$ cat target26.txt   # compact mmCIF, C-alpha atoms and all ligand atoms
# COMPACT_ATOMS: atom_id res chain seq x y z
CA MET A 1 0.00 0.00 0.00
CA TYR A 2 1.39 3.40 -0.96
CA SER A 3 1.55 5.97 1.79
CA GLU A 4 -0.41 9.16 1.06
CA LEU A 5 2.73 11.14 1.83
CA LEU A 6 4.68 9.44 -0.96
CA ILE A 7 1.94 10.07 -3.52
CA LYS A 8 1.64 13.71 -2.36
CA ASN A 9 5.38 14.26 -2.69
CA ILE A 10 5.46 12.68 -6.14
CA LYS A 11 2.56 14.87 -7.31
CA GLN A 12 4.32 17.97 -6.00
CA GLU A 13 7.51 17.09 -7.83
CA ILE A 14 5.63 16.57 -11.10
CA GLU A 15 3.85 19.90 -10.60
CA GLN A 16 7.16 21.65 -10.05
CA LEU A 17 8.60 20.10 -13.20
CA THR A 18 5.50 21.21 -15.12
CA VAL A 19 5.72 24.79 -13.84
CA ALA A 20 9.42 24.91 -14.68
CA GLY A 21 8.70 23.61 -18.21
CA LYS A 22 10.92 20.59 -17.54
CA ILE A 23 8.50 17.79 -18.33
CA LYS A 24 9.96 15.41 -20.90
CA THR A 25 7.36 14.61 -23.50
CA GLU A 26 7.55 11.43 -25.53
CA ARG A 27 6.47 11.73 -29.13
CA LEU A 28 4.96 8.52 -30.43
CA LEU A 29 6.51 7.16 -33.61
CA ALA A 30 4.19 5.04 -35.72
CA SER A 31 7.01 3.97 -38.05
CA PRO A 32 10.52 2.54 -37.86
CA GLN A 33 13.38 4.92 -37.07
CA GLY A 34 14.67 6.62 -40.20
CA PRO A 35 15.35 9.93 -41.95
CA GLU A 36 11.58 10.48 -41.99
CA VAL A 37 9.20 9.13 -39.35
CA LEU A 38 5.45 9.07 -38.88
CA ILE A 39 4.11 10.99 -35.89
CA ASN A 40 0.40 11.73 -35.37
CA GLY A 41 -0.29 10.60 -38.92
CA ARG A 42 2.23 13.10 -40.28
CA LYS A 43 5.60 12.57 -41.94
CA VAL A 44 8.34 14.43 -40.08
CA LEU A 45 12.01 14.84 -40.92
CA MET A 46 14.05 13.12 -38.20
CA PHE A 47 17.16 15.03 -37.07
CA ALA A 48 17.15 13.93 -33.42
CA SER A 49 18.22 10.29 -33.47
CA ASN A 50 21.63 8.67 -33.06
CA ASN A 51 20.98 6.65 -36.22
CA TYR A 52 24.25 7.94 -37.66
CA LEU A 53 24.78 5.21 -40.24
CA GLY A 54 21.09 4.81 -41.03
CA LEU A 55 21.16 1.15 -39.94
CA ALA A 56 18.22 1.29 -37.52
CA ASN A 57 15.88 -0.15 -40.15
CA HIS A 58 18.44 -1.60 -42.56
CA PRO A 59 17.14 -4.65 -44.50
CA ALA A 60 20.31 -6.66 -43.72
CA LEU A 61 19.75 -6.25 -39.98
CA VAL A 62 16.04 -7.00 -40.17
CA ALA A 63 16.94 -10.15 -42.14
CA ALA A 64 19.61 -11.09 -39.56
CA VAL A 65 16.98 -10.94 -36.83
CA GLN A 66 14.51 -13.01 -38.85
CA GLU A 67 17.13 -15.68 -39.61
CA THR A 68 18.26 -15.86 -36.00
CA LEU A 69 14.93 -16.38 -34.28
CA PRO A 70 14.27 -19.97 -35.50
CA ARG A 71 17.92 -20.92 -34.98
CA TYR A 72 18.76 -19.44 -31.59
CA GLY A 73 15.34 -18.53 -30.19
CA TYR A 74 14.06 -15.32 -28.65
CA GLY A 75 15.68 -15.12 -25.23
CA LEU A 76 17.98 -17.04 -22.91
CA SER A 77 16.28 -16.74 -19.53
CA SER A 78 19.66 -16.54 -17.90
CA VAL A 79 22.66 -14.42 -17.09
CA ARG A 80 25.81 -15.20 -19.00
CA PHE A 81 27.60 -17.36 -16.43
CA ILE A 82 24.67 -19.63 -15.63
CA CYS A 83 23.38 -20.77 -19.01
CA GLY A 84 23.11 -17.59 -21.06
CA THR A 85 26.18 -17.70 -23.30
CA GLN A 86 25.70 -18.86 -26.87
CA THR A 87 28.43 -19.32 -29.44
CA ILE A 88 27.35 -16.05 -31.06
CA HIS A 89 27.88 -14.03 -27.85
CA ARG A 90 31.54 -15.04 -27.84
CA GLN A 91 31.79 -14.51 -31.58
CA LEU A 92 30.51 -10.96 -31.20
CA GLU A 93 32.96 -10.25 -28.37
CA GLN A 94 35.87 -11.53 -30.43
CA ARG A 95 34.80 -9.70 -33.58
CA LEU A 96 34.39 -6.49 -31.59
CA ALA A 97 37.85 -6.84 -30.09
CA GLU A 98 39.35 -7.34 -33.54
CA PHE A 99 37.41 -4.32 -34.86
CA LEU A 100 38.62 -2.12 -32.00
CA GLY A 101 42.21 -3.39 -32.12
CA VAL A 102 42.25 -4.81 -28.59
CA ASP A 103 42.56 -8.26 -26.97
CA ASP A 104 38.99 -8.96 -25.96
CA ALA A 105 35.57 -7.48 -25.25
CA ILE A 106 32.68 -8.17 -22.88
CA LEU A 107 29.01 -7.56 -23.68
CA TYR A 108 26.54 -5.77 -21.42
CA SER A 109 22.85 -5.09 -21.84
CA SER A 110 23.72 -1.45 -22.56
CA ASN A 111 26.55 1.07 -22.55
CA TYR A 112 25.04 2.51 -19.38
CA MET A 113 25.37 -0.88 -17.69
CA ALA A 114 28.90 -1.29 -19.03
CA ASN A 115 29.93 2.01 -17.48
CA LEU A 116 28.19 1.24 -14.18
CA GLY A 117 29.93 -2.13 -14.16
CA PHE A 118 33.43 -0.84 -14.81
CA PHE A 119 34.45 1.64 -12.14
CA ALA A 120 32.92 -0.07 -9.12
CA SER A 121 34.44 -3.43 -10.03
CA ILE A 122 37.92 -1.95 -10.31
CA VAL A 123 37.92 0.59 -7.55
CA ASN A 124 35.87 -1.15 -4.86
CA GLU A 125 38.14 -4.18 -5.08
CA PRO A 126 40.64 -4.20 -2.17
CA PHE A 127 43.25 -6.18 -4.21
CA GLY A 128 44.88 -6.84 -0.84
CA PHE A 129 46.08 -3.19 -0.51
CA GLY A 130 43.03 -1.52 1.02
CA THR A 131 44.78 1.49 2.52
CA TYR A 132 46.19 2.98 -0.67
CA LEU A 133 44.43 5.72 -2.55
CA ASP A 134 42.72 5.34 -5.93
CA VAL A 135 41.92 8.44 -7.94
CA ILE A 136 39.40 8.80 -10.77
CA TYR A 137 39.67 11.88 -12.98
CA SER A 138 36.51 12.62 -14.94
CA ASP A 139 35.78 15.26 -17.61
CA GLU A 140 33.03 17.63 -16.40
CA LEU A 141 30.93 16.94 -19.51
CA ASN A 142 31.10 13.14 -19.28
CA HIS A 143 27.86 11.29 -19.90
CA ALA A 144 25.40 10.69 -17.04
CA SER A 145 26.29 6.98 -17.03
CA ILE A 146 29.88 7.82 -16.00
CA VAL A 147 28.63 10.29 -13.41
CA ASP A 148 26.31 7.61 -12.02
CA ALA A 149 29.00 4.95 -12.24
CA LEU A 150 31.18 7.04 -9.93
CA LYS A 151 28.34 7.10 -7.38
CA LEU A 152 28.66 3.32 -7.10
CA VAL A 153 32.27 3.67 -6.01
CA LYS A 154 32.01 3.03 -2.29
CA ARG A 155 35.50 2.36 -0.95
CA ASP A 156 36.72 5.12 1.38
CA ASN A 157 40.14 5.58 -0.13
CA VAL A 158 38.94 6.83 -3.47
CA LEU A 159 39.24 10.38 -4.68
CA LYS A 160 36.89 11.48 -7.48
CA ARG A 161 38.13 14.55 -9.29
CA VAL A 162 36.32 16.38 -12.05
CA TYR A 163 38.45 18.34 -14.51
CA PRO A 164 37.19 21.18 -16.75
CA HIS A 165 35.98 20.03 -20.14
CA ASN A 166 38.84 18.76 -22.30
CA ASP A 167 41.31 20.81 -20.24
CA THR A 168 44.35 18.57 -20.25
CA VAL A 169 46.49 21.26 -18.61
CA ALA A 170 44.17 21.30 -15.59
CA LEU A 171 44.12 17.50 -15.62
CA GLU A 172 47.90 17.32 -15.64
CA ALA A 173 48.03 19.74 -12.70
CA MET A 174 45.71 17.39 -10.76
CA LEU A 175 47.78 14.34 -11.69
CA GLU A 176 50.92 16.15 -10.59
CA GLU A 177 49.35 17.31 -7.34
CA ASP A 178 48.38 13.74 -6.47
CA GLN A 179 51.90 12.41 -7.09
CA ALA A 180 52.84 13.08 -3.49
CA LYS A 181 50.06 10.82 -2.19
CA GLU A 182 50.33 7.10 -1.54
CA LEU A 183 48.63 6.06 -4.71
CA ARG A 184 47.42 2.71 -5.95
CA HIS A 185 45.38 3.04 -9.16
CA ARG A 186 44.48 6.05 -11.25
CA ILE A 187 41.79 6.13 -13.91
CA VAL A 188 41.19 8.96 -16.37
CA ALA A 189 37.65 8.80 -17.71
CA THR A 190 36.35 10.65 -20.74
CA ASP A 191 33.75 10.46 -23.47
CA GLY A 192 35.32 10.01 -26.91
CA VAL A 193 32.78 12.37 -28.46
CA PHE A 194 30.76 14.65 -26.18
CA SER A 195 27.11 14.26 -27.01
CA MET A 196 25.92 17.79 -26.26
CA GLU A 197 28.80 19.47 -28.10
CA GLY A 198 29.79 17.12 -30.91
CA ASP A 199 33.44 17.71 -30.05
CA THR A 200 36.12 15.09 -29.56
CA ALA A 201 38.22 14.39 -26.46
CA SER A 202 41.90 15.41 -26.75
CA LEU A 203 42.85 11.76 -26.77
CA ASN A 204 46.44 12.21 -27.95
CA GLU A 205 47.16 14.32 -24.92
CA LEU A 206 45.16 12.02 -22.63
CA VAL A 207 47.15 8.98 -23.82
CA ARG A 208 50.37 10.88 -23.15
CA LEU A 209 49.22 11.84 -19.65
CA ALA A 210 48.00 8.32 -18.90
CA ASN A 211 51.41 6.95 -19.92
CA ASN A 212 53.37 9.54 -17.96
CA TYR A 213 51.34 9.14 -14.79
CA GLN A 214 50.68 5.42 -15.03
CA ALA A 215 46.96 5.91 -15.24
CA CYS A 216 44.36 3.72 -16.93
CA LEU A 217 42.57 5.61 -19.71
CA PHE A 218 38.85 4.86 -20.02
CA VAL A 219 37.04 6.19 -23.09
CA ASP A 220 33.27 5.97 -23.57
CA ASP A 221 33.04 6.05 -27.34
CA ALA A 222 29.25 5.74 -27.65
CA HIS A 223 29.09 8.51 -30.26
CA GLY A 224 32.46 7.77 -31.86
CA VAL A 225 32.22 4.09 -32.69
CA GLY A 226 30.73 3.42 -36.11
CA VAL A 227 31.18 7.07 -37.04
CA LEU A 228 34.81 8.16 -36.73
CA GLY A 229 37.97 6.52 -38.07
CA SER A 230 38.71 4.96 -41.45
CA SER A 231 37.04 1.66 -40.52
CA GLY A 232 34.53 3.19 -38.09
CA ALA A 233 36.45 1.97 -35.04
CA GLY A 234 35.86 5.32 -33.39
CA THR A 235 37.62 8.29 -31.87
CA PRO A 236 40.95 6.52 -31.15
CA GLU A 237 41.21 5.37 -34.77
CA ALA A 238 40.37 8.85 -36.06
CA LEU A 239 43.17 10.32 -33.93
CA GLY A 240 45.80 7.72 -34.87
CA LEU A 241 45.45 5.85 -31.57
CA HIS A 242 43.78 2.65 -32.71
CA GLY A 243 44.26 0.01 -30.01
CA GLN A 244 46.06 2.43 -27.68
CA VAL A 245 43.24 3.23 -25.26
CA ASP A 246 43.23 0.99 -22.19
CA VAL A 247 39.48 0.53 -21.84
CA LEU A 248 36.78 1.39 -24.36
CA SER A 249 33.07 1.35 -23.74
CA GLY A 250 30.45 1.65 -26.44
CA THR A 251 26.92 0.90 -27.55
CA PHE A 252 25.00 -0.91 -30.26
CA GLY A 253 22.19 1.55 -29.60
CA LYS A 254 23.46 4.35 -31.81
CA ALA A 255 25.48 4.02 -35.05
CA LEU A 256 25.92 0.25 -34.72
CA GLY A 257 22.32 -0.71 -35.46
CA GLY A 258 20.39 1.43 -33.00
CA ALA A 259 18.79 -1.33 -30.92
CA LEU A 260 20.37 -2.31 -27.64
CA GLY A 261 23.58 -3.61 -26.14
CA GLY A 262 26.86 -2.27 -24.84
CA TYR A 263 30.40 -3.43 -24.29
CA LEU A 264 33.74 -2.87 -22.63
CA ALA A 265 36.88 -3.71 -24.59
CA GLY A 266 40.56 -3.80 -23.76
CA ARG A 267 43.35 -5.98 -22.44
CA GLN A 268 42.76 -9.67 -21.81
CA GLU A 269 43.48 -9.45 -18.09
CA MET A 270 40.99 -6.59 -17.69
CA ILE A 271 38.20 -8.36 -19.58
CA ASP A 272 38.83 -11.62 -17.68
CA PHE A 273 38.63 -9.68 -14.43
CA LEU A 274 35.39 -7.90 -15.43
CA ARG A 275 33.77 -11.23 -16.32
CA GLN A 276 34.32 -12.27 -12.70
CA LYS A 277 33.74 -9.03 -10.84
CA SER A 278 31.52 -6.70 -12.81
CA ARG A 279 28.12 -6.87 -11.16
CA THR A 280 26.04 -5.37 -13.98
CA TYR A 281 27.43 -8.19 -16.17
CA THR A 282 27.20 -11.02 -13.68
CA PHE A 283 23.72 -10.31 -12.36
CA SER A 284 21.87 -9.16 -15.49
CA ASN A 285 20.45 -11.15 -18.41
CA SER A 286 22.30 -11.99 -21.61
CA LEU A 287 21.64 -10.01 -24.75
CA PRO A 288 18.92 -11.59 -26.92
CA PRO A 289 20.44 -13.69 -29.72
CA ALA A 290 18.68 -11.73 -32.47
CA MET A 291 20.43 -8.55 -31.36
CA VAL A 292 23.75 -10.32 -31.08
CA MET A 293 23.44 -11.65 -34.63
CA ALA A 294 22.31 -8.27 -35.96
CA SER A 295 25.33 -6.68 -34.26
CA LEU A 296 27.61 -9.20 -35.99
CA ARG A 297 25.94 -8.20 -39.24
CA VAL A 298 26.66 -4.53 -38.48
CA LEU A 299 30.36 -5.35 -38.21
CA ASP A 300 30.16 -7.19 -41.56
CA LEU A 301 28.43 -4.19 -43.11
CA LEU A 302 31.05 -1.78 -41.80
CA LYS A 303 33.81 -3.95 -43.18
CA ALA A 304 32.13 -4.12 -46.57
CA GLU A 305 31.06 -0.46 -46.65
CA PRO A 306 33.41 1.67 -44.51
CA GLN A 307 32.42 4.59 -46.75
CA LEU A 308 29.18 4.82 -44.72
CA CYS A 309 31.23 6.64 -42.07
CA SER A 310 32.81 9.10 -44.48
CA LEU A 311 29.38 9.66 -46.06
CA VAL A 312 27.74 10.75 -42.82
CA LEU A 313 30.72 12.96 -41.95
CA ALA A 314 30.57 14.63 -45.37
CA GLN A 315 26.80 15.17 -44.97
CA ALA A 316 27.36 16.70 -41.53
CA LYS A 317 30.11 18.99 -42.81
CA TYR A 318 27.88 20.22 -45.62
CA PHE A 319 24.93 20.74 -43.27
CA LYS A 320 27.01 22.63 -40.71
CA GLN A 321 28.49 24.91 -43.34
CA ARG A 322 25.05 25.74 -44.72
CA VAL A 323 23.72 26.41 -41.20
CA GLN A 324 26.62 28.82 -40.60
CA GLU A 325 25.99 30.53 -43.94
CA LEU A 326 22.41 31.13 -42.83
CA GLY A 327 23.85 33.08 -39.89
CA PHE A 328 23.38 30.57 -37.07
CA LYS A 329 26.08 29.90 -34.49
CA THR A 330 27.47 26.35 -34.33
CA LEU A 331 30.20 24.77 -32.20
CA PRO A 332 33.58 23.35 -33.27
CA GLY A 333 33.70 19.64 -34.05
CA GLN A 334 33.59 17.26 -36.99
CA HIS A 335 30.80 14.89 -36.16
CA PRO A 336 27.18 14.27 -37.19
CA ILE A 337 26.16 16.04 -33.99
CA VAL A 338 25.66 19.65 -35.13
CA PRO A 339 24.64 21.97 -32.27
CA VAL A 340 23.02 25.28 -33.23
CA VAL A 341 23.47 27.62 -30.27
CA LEU A 342 20.61 30.02 -29.55
CA GLY A 343 21.55 31.00 -25.98
CA GLU A 344 18.14 31.40 -24.32
CA ALA A 345 16.27 28.34 -23.03
CA LYS A 346 12.84 29.86 -23.77
CA LEU A 347 13.77 30.72 -27.32
CA THR A 348 15.16 27.21 -27.85
CA GLN A 349 11.97 25.64 -26.52
CA GLU A 350 9.85 27.84 -28.76
CA MET A 351 12.04 27.21 -31.77
CA SER A 352 12.08 23.43 -31.43
CA ARG A 353 8.28 23.48 -31.02
CA ARG A 354 7.85 25.58 -34.18
CA LEU A 355 10.32 23.47 -36.14
CA PHE A 356 8.36 20.38 -35.20
CA GLU A 357 5.10 22.00 -36.33
CA ALA A 358 6.80 22.75 -39.63
CA GLY A 359 7.82 19.07 -39.99
CA LEU A 360 11.36 19.05 -38.58
CA TYR A 361 12.10 16.97 -35.48
CA VAL A 362 15.19 18.30 -33.69
CA VAL A 363 15.90 18.27 -29.99
CA GLY A 364 16.37 21.42 -27.89
CA LEU A 365 18.80 21.37 -24.94
CA TRP A 366 19.10 23.90 -22.15
CA PHE A 367 20.50 24.32 -18.62
CA PRO A 368 21.26 22.14 -16.65
CA VAL A 369 21.87 19.72 -19.55
CA VAL A 370 24.20 22.31 -21.15
CA PRO A 371 25.90 25.33 -19.49
CA GLU A 372 23.63 28.28 -18.72
CA GLY A 373 23.25 30.73 -21.60
CA THR A 374 24.22 28.15 -24.24
CA ALA A 375 20.82 26.58 -24.93
CA ARG A 376 20.87 24.93 -28.32
CA LEU A 377 19.19 22.83 -30.94
CA ARG A 378 21.05 19.58 -31.48
CA PHE A 379 20.86 18.39 -35.06
CA GLN A 380 22.01 14.83 -35.71
CA ILE A 381 22.79 13.85 -39.25
CA SER A 382 22.41 10.34 -40.61
CA ALA A 383 23.90 8.58 -43.62
CA ALA A 384 20.27 7.82 -44.48
CA HIS A 385 19.52 11.53 -45.00
CA THR A 386 19.53 12.41 -48.67
CA ARG A 387 20.58 15.84 -49.93
CA GLU A 388 16.88 16.53 -50.31
CA HIS A 389 16.24 15.81 -46.63
CA LEU A 390 19.07 18.18 -45.70
CA GLU A 391 17.76 20.91 -48.01
CA GLN A 392 14.23 20.56 -46.62
CA ALA A 393 15.56 20.79 -43.04
CA LEU A 394 17.65 23.86 -43.89
CA LYS A 395 14.66 25.55 -45.50
CA ILE A 396 12.49 24.98 -42.42
CA LEU A 397 15.31 26.09 -40.11
CA GLU A 398 15.81 29.29 -42.10
CA SER A 399 12.12 30.13 -42.21
CA VAL A 400 11.51 29.55 -38.47
CA GLY A 401 14.81 31.29 -37.63
CA ARG A 402 13.67 34.39 -39.54
CA GLU A 403 10.21 34.30 -37.98
CA LEU A 404 11.74 34.27 -34.50
CA LYS A 405 14.37 36.85 -35.54
CA VAL A 406 17.25 34.54 -34.66
CA ILE A 407 18.81 35.30 -38.04
C1 LIG A 501 28.37 8.93 -24.09
C2 LIG A 501 27.28 7.95 -23.80
N1 LIG A 501 27.55 6.88 -23.04
C3 LIG A 501 26.62 5.96 -22.76
C4 LIG A 501 25.33 6.08 -23.23
C5 LIG A 501 24.33 5.03 -22.89
O1 LIG A 501 24.19 4.13 -23.96
P1 LIG A 501 23.12 2.97 -23.88
O2 LIG A 501 21.85 3.52 -24.45
O3 LIG A 501 23.69 1.84 -24.67
O4 LIG A 501 22.97 2.62 -22.44
C6 LIG A 501 25.00 7.16 -24.04
C7 LIG A 501 23.62 7.30 -24.57
O5 LIG A 501 23.02 8.30 -24.60
C8 LIG A 501 25.99 8.13 -24.33
O6 LIG A 501 25.71 9.20 -25.06

$ encode --input "target26.txt" --output "structure tokens"
Amino acid sequence: MYSELLIKNIKQEIEQLTVAGKIKTERLLASPQGPEVLINGRKVLMFASNNYLGLANHPALVAAVQETLPRYGYGLSSVRFICGTQTIHRQLEQRLAEFLGVDDAILYSSNYMANLGFFASIVNEPFGFGTYLDVIYSDELNHASIVDALKLVKRDNVLKRVYPHNDTVALEAMLEEDQAKELRHRIVATDGVFSMEGDTASLNELVRLANNYQACLFVDDAHGVGVLGSSGAGTPEALGLHGQVDVLSGTFGKALGGALGGYLAGRQEMIDFLRQKSRTYTFSNSLPPAMVMASLRVLDLLKAEPQLCSLVLAQAKYFKQRVQELGFKTLPGQHPIVPVVLGEAKLTQEMSRRLFEAGLYVVGLWFPVVPEGTARLRFQISAAHTREHLEQALKILESVGRELKVI
């Protein structure tokens, strides 16, 4: 039985969110994900999904799912270590490792779970030296799953330090400052591509710092994998660091098919350890076989058509340039995430509402999701967008921008 107090408090919280205009609405798609979707019986241009390669409704992946169901069934009714590991789970882990240029990989039900599973398993472990200090350095704009992962770190002798976004000078100062302490492990954690900005972590410098200070470098490449690098292996590959990042996390929920599933990848010893100690792996169900097989098919597709990555980057570059020519302000970065900065939260809310009415679905972001005064529209380009889709979106953006006197 609920207590009346709990229901009253919940109602109050919802009211406050409503008054503050912070209620998240869910628009109902009556179609697959794609460059155009059906919402309320109307076709709308989709510029808000992470469907970077346009694979979310790709015939090869739909076929992979259909072929897998009779062969491997729907679900496994088990976690991996009891009876939930099929041959294809290991195949996917090995193929992923090869793709990312590392020893091995371990699958999770999502990237969020992978991140939650990583830090606690490493840092909470006494390793027989409980009194020494561990330090985790985290970029201030890291994804919520890293922020939440750090909340699961419970051992007393752990210092969590947040460094200013991509500021490797500030990070080095922190690393230097901590040198005098009796240290055990150090972990530097960063997103590969920052999802609100579309910019890339300064990985070359981070690798150098990790080497100099004997730190483990953890990169969440959710928005990099399948997009950046000559083979789509992500931010490290794009920056000439393929295989040089200690631990990578990533998702199958964005460029790599768009459904579900995450992973950690790195050195054999690390992956072996995580298989034993990572609680979000050990105590959560195996990925459904159909998704595993579709993910294998994604890796085949990328191998056969690596130009998908350069296509989406070229589309994004073109789109960004045209947006700038219209007089809008964008942010630096070469990624299909193209933020258009408007500044004011109210204006951004109004603009995204009007754009949607005009048939363009793009997400608006404001404080506290992004720094105050930098509210923005976040356009996300897909390889499935044709030039016509881009032109239509630009036309709508220009017309609404003029109406609201943004340009
Ligand atoms: C950087 C980053 N990490 C992790 C995640 C979570 O991915 P998943 O949906 O696979 O849990 C996201 C998704 O938004 C993300 O942007």

$ residues_around --input "target26.txt" --residues "region 279-292 of chain A" --least-positions-apart "6" --cutoff "9 Å" --atoms "all atoms listed in the file" --output "PyMOL selection string"
chain A and resi 61+64-69+72-81+84-86+88-89+92+106-109+113-114+116-118+120-121+252+259-261

$ residues_near_ligand --input "target26.txt" --ligand "ligand LIG 501 (chain A)" --cutoff "8 Å" --atoms "only C-alpha atoms and all ligand atoms" --output "ChimeraX atom specification"
/A:109-115,142-146,191-195,220-223,249-254,260-262

$ write_last_selection --input "target26.txt" --atoms "C-alpha atoms" --output "PDB file, in the coordinates of the input"
ATOM      1  CA  SER A 109      22.850  -5.090 -21.840  1.00  0.00           C
ATOM      2  CA  SER A 110      23.720  -1.450 -22.560  1.00  0.00           C
ATOM      3  CA  ASN A 111      26.550   1.070 -22.550  1.00  0.00           C
ATOM      4  CA  TYR A 112      25.040   2.510 -19.380  1.00  0.00           C
ATOM      5  CA  MET A 113      25.370  -0.880 -17.690  1.00  0.00           C
ATOM      6  CA  ALA A 114      28.900  -1.290 -19.030  1.00  0.00           C
ATOM      7  CA  ASN A 115      29.930   2.010 -17.480  1.00  0.00           C
ATOM      8  CA  ASN A 142      31.100  13.140 -19.280  1.00  0.00           C
ATOM      9  CA  HIS A 143      27.860  11.290 -19.900  1.00  0.00           C
ATOM     10  CA  ALA A 144      25.400  10.690 -17.040  1.00  0.00           C
ATOM     11  CA  SER A 145      26.290   6.980 -17.030  1.00  0.00           C
ATOM     12  CA  ILE A 146      29.880   7.820 -16.000  1.00  0.00           C
ATOM     13  CA  ASP A 191      33.750  10.460 -23.470  1.00  0.00           C
ATOM     14  CA  GLY A 192      35.320  10.010 -26.910  1.00  0.00           C
ATOM     15  CA  VAL A 193      32.780  12.370 -28.460  1.00  0.00           C
ATOM     16  CA  PHE A 194      30.760  14.650 -26.180  1.00  0.00           C
ATOM     17  CA  SER A 195      27.110  14.260 -27.010  1.00  0.00           C
ATOM     18  CA  ASP A 220      33.270   5.970 -23.570  1.00  0.00           C
ATOM     19  CA  ASP A 221      33.040   6.050 -27.340  1.00  0.00           C
ATOM     20  CA  ALA A 222      29.250   5.740 -27.650  1.00  0.00           C
ATOM     21  CA  HIS A 223      29.090   8.510 -30.260  1.00  0.00           C
ATOM     22  CA  SER A 249      33.070   1.350 -23.740  1.00  0.00           C
ATOM     23  CA  GLY A 250      30.450   1.650 -26.440  1.00  0.00           C
ATOM     24  CA  THR A 251      26.920   0.900 -27.550  1.00  0.00           C
ATOM     25  CA  PHE A 252      25.000  -0.910 -30.260  1.00  0.00           C
ATOM     26  CA  GLY A 253      22.190   1.550 -29.600  1.00  0.00           C
ATOM     27  CA  LYS A 254      23.460   4.350 -31.810  1.00  0.00           C
ATOM     28  CA  LEU A 260      20.370  -2.310 -27.640  1.00  0.00           C
ATOM     29  CA  GLY A 261      23.580  -3.610 -26.140  1.00  0.00           C
ATOM     30  CA  GLY A 262      26.860  -2.270 -24.840  1.00  0.00           C
TER      31      GLY A 262
END

$ axis_aligned_box --input "target26.txt" --around "region 327-344 of chain A" --padding-each-side "3 Å" --output "JSON"
{"center_x": 25.9, "center_y": 23.7, "center_z": -32.1, "size_x": 21.6, "size_y": 24.8, "size_z": 21.6}

$ residues_around --input "target26.txt" --residues "Asn57 (chain A)" --least-positions-apart "4" --cutoff "9 Å" --atoms "only C-alpha atoms" --output "CSV table (one decimal) with C-alpha atoms, in the frame of the given file"
chain,number,residue,atom,x,y,z
A,32,PRO,CA,10.5,2.5,-37.9
A,33,GLN,CA,13.4,4.9,-37.1
A,34,GLY,CA,14.7,6.6,-40.2
A,61,LEU,CA,19.8,-6.2,-40.0
A,62,VAL,CA,16.0,-7.0,-40.2
A,257,GLY,CA,22.3,-0.7,-35.5
A,258,GLY,CA,20.4,1.4,-33.0

$ atom_distance --input "target26.txt" --atom1 "CA of Val370 (chain A)" --atom2 "CA of Leu55 (chain A)"
28.5 Å

$ atom_distance --input "target26.txt" --atom1 "CA of Ala215 (chain A)" --atom2 "CA of Asp156 (chain A)"
19.5 Å

$ atom_distance --input "target26.txt" --atom1 "CA of Pro336 (chain A)" --atom2 "CA of Arg353 (chain A)"
21.9 Å

$ closest_residue --input "target26.txt" --among "A:Gly232, A:Glu98, A:Asn40, A:Lys160" --to "Val123 (chain A)" --atoms "only C-alpha atoms"
A:Lys160

$ closest_residue --input "target26.txt" --among "A:Glu197, A:Glu398, A:Glu93, A:Glu350" --to "Gln380 (chain A)" --atoms "all atoms listed in the file"
A:Glu197

$ closest_residue --input "target26.txt" --among "A:Gly266, A:Gly401, A:Pro306, A:Gly343" --to "Leu355 (chain A)" --atoms "only C-alpha atoms"
A:Gly401

$ closest_residue --input "target26.txt" --among "A:Cys216, A:Leu308, A:Ala316, A:Leu296" --to "Met270 (chain A)" --atoms "only C-alpha atoms"
A:Cys216

$ closest_residue --input "target26.txt" --among "A:Leu365, A:Leu264, A:Leu241, A:Ala201" --to "Gln334 (chain A)" --atoms "all atoms listed in the file"
A:Ala201

$ closest_residue --input "target26.txt" --among "A:Arg161, A:Arg275, A:Lys43, A:Arg387" --to "Ile122 (chain A)" --atoms "all atoms listed in the file"
A:Arg275

$ residues_around --input "target26.txt" --residues "Tyr213 (chain A)" --least-positions-apart "2" --cutoff "10 Å" --atoms "all atoms listed in the file" --output "ChimeraX atom specification"
/A:172,175-176,178-179,186,207-211,215-216

$ residues_around --input "target26.txt" --residues "Ala233 (chain A)" --least-positions-apart "3" --cutoff "9 Å" --atoms "all atoms listed in the file" --output "list in words"
Phe99, Leu100, Gly101, Gly224, Val225, Gly226, Val227, Leu228, Gly229, Ser230, Pro236, Glu237, Ala238 and His242 of chain A

$ residues_around --input "target26.txt" --residues "Arg376 (chain A)" --least-positions-apart "5" --cutoff "8 Å" --atoms "all atoms listed in the file" --output "list in words"
Pro339, Val340, Val341, Leu342, Gly343, Ala345, Thr348, Gly364, Leu365 and Trp366 of chain A
